[in-house]
Amino acid sequence: MRKILLSILSVISVFYANAQNFSAETIPQALKNRATAIIRQSETTVDMRSTDNVMLTVKKAITILNKNGDDHASLALFYDKNTSIKGVKGEIYDEFGKLTSKFSLSNFKDESAVSNFSLYEDSRVKYYSPAVNIYPYTIVYTYEIRNKQNLVIPEWRPISSYDIAAEKSTYQFICNPKDELRIHSANYNRTPEEVLTDKQKVLKWSVENVAAIKQEDYSPNAAVFLTSIKVAPKDFVYYNLKGSYSNWDELGKITYDNLLKNRQDLPAPTKDFIRELVSKEKTDRDKAQKIYKYMQQKTRYISVQLGIGGLQPSFASDVDKLGYGDCKGLVNYMQSLLDAVNIESYYCVVEAGNNKKDLISSFASMEQGNHIILCLPLKGDTTWLECTDQEIPFGYLGSFTSNRLVLACTKDGGKLLKTPKYNAENSLQERKASFVLSKEGNLKGNVTTTFKGEQYENHTYLLNKSQNDRENALRKIYDVNNINFDEIAFKKDEDQIIFTEDLKINVGHYAPVNNGKLFLNPNLLNVKKSIPFIRNRVLPLYISSGYTDVDHISYTLDQDIVPEFQPKSVHIKNEFGSYTLEVKKEDNKLIYYRILSIKEGMYKAADYAKFQEFISEVVQNDNLKLILSLKG
Amino acid sequence: MYKILIIACVFFSFGAYAQDFSYGDIEDSEQSFSKSTLDSNANAIYLNEYGTSRFIFDSQTGNMKLVHDYHARIKIFNKDGAKSADIVVPLYRYGTGNDQQEYISNLTASTFNYANGSYNESVLNKNNIFRENKNKYVTLVKFTLPNIKDNSIIEYKYTIESPYLFNYRTWEFQTDIPKLKSTYIAYIPSNYNYNVTLRGFYKLSDSKAEISRECLRVSGVDMDCSKLTYTMNYIPAFIEEEYMTSAANYKSAIYFELAEVFYLNGSRKKYTSTWKDVEMQLVDDKNFGGHLKRKDVFKDIVPNITKDASTELEKAKAIFDYIKKQIKWNNIYSKYGDESIKSVLESRSGNSAEINLSLIAALSAANIDVEAVILSTRDNGMVSKINPVISEFNYVIAKANIDGESYLLDATEPLIQFGLLPLRCVNDQGRVINLKKPSYWIDLKANKKSTSVHFFNGKLGKDGKITGKLTSSSNGYDALSTRKNIKKYSSLDEYVEKLEEKLSGIKIKDFSIKNIDSIDLLMEEEYQLEFTVQNMQNADQSYFSPFFINPIKKNPFKLKERNYPVDLGAQYEERTTINLELPENYKVKETPKEIAVSLPNNGGRYLLQTTVNDGSMMISQVFTLNKPIYSAEEYFALKEFYNRIIQAQKTEILLTKAK
């Protein structure tokens, strides 16, 4: 399990509102469609007065249409040493636009903002959620936040989540005409308005009548389809850090020089120990592997986010002493250990998560990325290390960080690199099982499953679990009523990166008996879950990871069961993948064979219907029931 | 009536002398300790835990303070157990003053790793202790131990000073990892009188009461204390299971509540000690009794609300509906109304007490016999029955007595029927508080079964398609949850669209939903459905499953052993009837076996019947659970009951083509 690095600043998408009529009746009907809330009016202004004084002003009016929209009415303002809340006030209006109550900062609850994966962070949050139970209602508020830095400028997203529509939303960025800026706009197809005077440059973006987006299965990362504007000034200040950058190369260099370089010293005994540890190893790869193993055994993941806004790793010597660190600390420690035996490696910033997201190659900015991994160039044999997991094999990245652009921060500057990709063929789950079926419908047998590629990690989390926890977890994975696990064994082959699961199972009354017949679903362990039929699919269809599952099961039938049944053979192949199903008789045994292969890829929204049909067909075939007669 | 909670008075015997274990002095038996002697599934265990609490007199403020010393030694067996090395100590603040908060001192922590015959101690550095100001009331002192390896032993101790004496200091014997030994010593000055209760399923291994001479010095006077020693050995981990109410109801722990104090000047102050005292306290409290008495607020409104009601019951219903509509619940649980009834009526929003105390005042304005019932909600835990512990109650409802019947009323849920309590209030017993009469206990039960009836009338085509109309009606909690769910959406269309997505494969062609707001009537839904069961073309015979409406596919009871009762909250009944016209020229050859399964002691039953007529067939099922709470012993009967039903619902109908 890997954990995410604290994002530098909580990016709150922010908007603006004027005194106006907040009656819910004036909302255009088209916008209400499928929305739980409507942003009536919203204006966000970022005024970069100097590099260490950036004022964010947000004015916003949102009408909440029903209970499902309540979340859109709550307001969470994060603050820390570098970010202060200057003022908040707000009002609540009823359905007819009549003012019902007012609120200010004193109505906010104040709490520490320590994420659940962290032991400590020095960020706090003030939050407010109105207690209104009569719908629709409108919340109108304005707040001001002062940032003592301009490295991270709040990103603008007119709509930042599902089920909310916007009538009107604008964004202004104000700076000195001499300031150099880089701007990244996504899904915004006009050029911003620009007003230039001697003292100020004002850039303005705006949208109107943006319909709500419904959450849909198999859709890509929201960054792909949401409108957003990011601004990155060339000259920046961040805590005690000052500098300028305009591309990934420079940003990588800044990171290396200011945040990493002086944090890598190790105590001499540790260096000696490491040198001694690998003295018998011949290749750099073998040495690195040995050191990695040592690092995994010595350390554990503990997140403490202090200092430069959660960007700087703790000293390698501290990790050495304490035996724990967060992703930055552990990667920096591993890098320092490798350095002791002169093996080069790169500290890499990645946007981790199962929903894959690249760093934007054309737009360097510090807030991209939320996790750190290590890259070893090893003379062409590039190897990647996840340093926060004590069980993960050397050189393995799972779905959390695979197949995306990352930033390597090196002494020669930043470089964008791509992490390895697994495809449908090498992300393989292969299962062999043999069962004995009694005439009462009881099932007993052995199951061996191997997991490779991105599927390697499917069950690895069970490795360190107690017997009870393993059984309970497997009972959820193999969701068969009455299933019992007589033996459970796991094996991992770290060189080949193969995980093997050996089970002895029995299932009482698996196949029901009725009228002298047995009803058997031969696909005991791998029934595909159906996906919803969606009437008007809007978002593109995205399959983030390809995979192949092979199930090969043989059933030895009790002698009182007549080994007669309808053989079955199904083959489906299309652009999304393929499915094969075979049921046949072999030496008085029933043989079940299934292959499902799904390809990774991005498809048009219209293709979802076909994909849904394909999956439905798979589900139907997976639920195949064979009817077997009993003798006598 | 089955009692979930075991609250025992603690009796004392004379046992062995208990003393704190010495820091860092790890015994050989602890080093070699194998977890299999206690719990082979444990990732970490407490080898020893020792705590004492005593009073000291702060001569500066003139107040008494509670000093608590805590000491624990834990063995970490593996990486999964390492999270037991992440320690969080909460410190509470009861006000803004310096003397109104808790302080921690003497915090020491170390990791001991055994290597080459001796222990390496890694001491926690003070820089690695964090204070997280969680909110106004709580500061968390957090740290993690350094150098955790498999089989590390960690040890830590600290002292907490607290100004809060009322609940003394609770001692939790049971936590999420097992404990080999846990000892708690409470020194209680002889002029302080506490009610002490032990909760949970496990017994004390030992307990002892002694006199501790001159344990406390107040203004130059030495005082004696009772020294109470509680020991529990071999304590299993507490694992939360499904269908449980608050974990606090089940965990083994010792609780204290101050009953009275005798002061040196001879005066005495009584804290909660008898129900009579509690009644007086509540009735005199302006935020409780004060509200109850405000029937004058409703004097002018009530005649208008009840003008169409002829009977007392109709009047009560009208008032209940009025309060539900007039005041919206702000989702806050309380037994006290902070705002006056007047301002609550103006703002049209209030906490549970403000709403229900208003309801009581309004009902009494209509001369209806009404009382208040204080209770503890399901997530707040069970209340103590031996001593009144007022802090355990967190909610208040109304009890209207009309024509010899009593109705428990909670007006916080706009969609709830008259006389039905929200499930959160269905928690053992509540205490009825009457302005004039002594208080008494009352069972908090769901007075209505949760019921639903499904009727499907349709036909099976030759193409394997079933088309037909499903009519469902529900009552009680089933109706409540359907209504609440529908109300989350802006329109019925959106609700049905979501429903269709969830049903996957079943298309809803048309629908009509009735009585969403007429909550005293059955909740009624009608759906025109279409779905494919089996392609029957070219087949002489064909199987299909008639269990397409709410089948039970998974057994909710999967555990190998169950230690705690199964608390479902309410009785349940579901009836499903399917009437199916068959395609022409097809005959039913086989049907699912008719079965009747029952739970012991009339706990529930399942009936499945099929009737075959010419060209059509009918399958009917009845499923009932007759108890809101099943004991741990009944768990396996429940598990088997569900297994049998799942079994039955796996069988299919065989149709054959007439030749």
# chains A, B, ... in the order shown; residues from 1 in each chain; ligands from 1
$ interface_residues --of "chain A" --to "chain B" --cutoff "8 Å" --atoms "only C-alpha atoms" --output "PyMOL selection string"
chain A and resi 34+36+65-68+109-112+119-120+131-134+297-300+321-324+464-469+479-482+509+512-515+519+530-534+616
$ select_by_dssp --residues "region 416-623 of chain B" --states "strand (DSSP E)" --output "PyMOL selection string"
chain B and resi 429-433+440-443+450-460+465-475+507-514+523-532+541-544+566-567+572-581+586-590+595-599+604-613+616-623
$ atom_distance --atom1 "CA of Arg470 (chain A)" --atom2 "CA of Gly508 (chain A)"
19.8 Å
$ residues_around --residues "Val370 (chain B)" --least-positions-apart "3" --cutoff "7 Å" --atoms "only C-alpha atoms" --output "JSON, numbers by chain"
{"B": [360, 363, 364, 398, 399, 400, 401]}
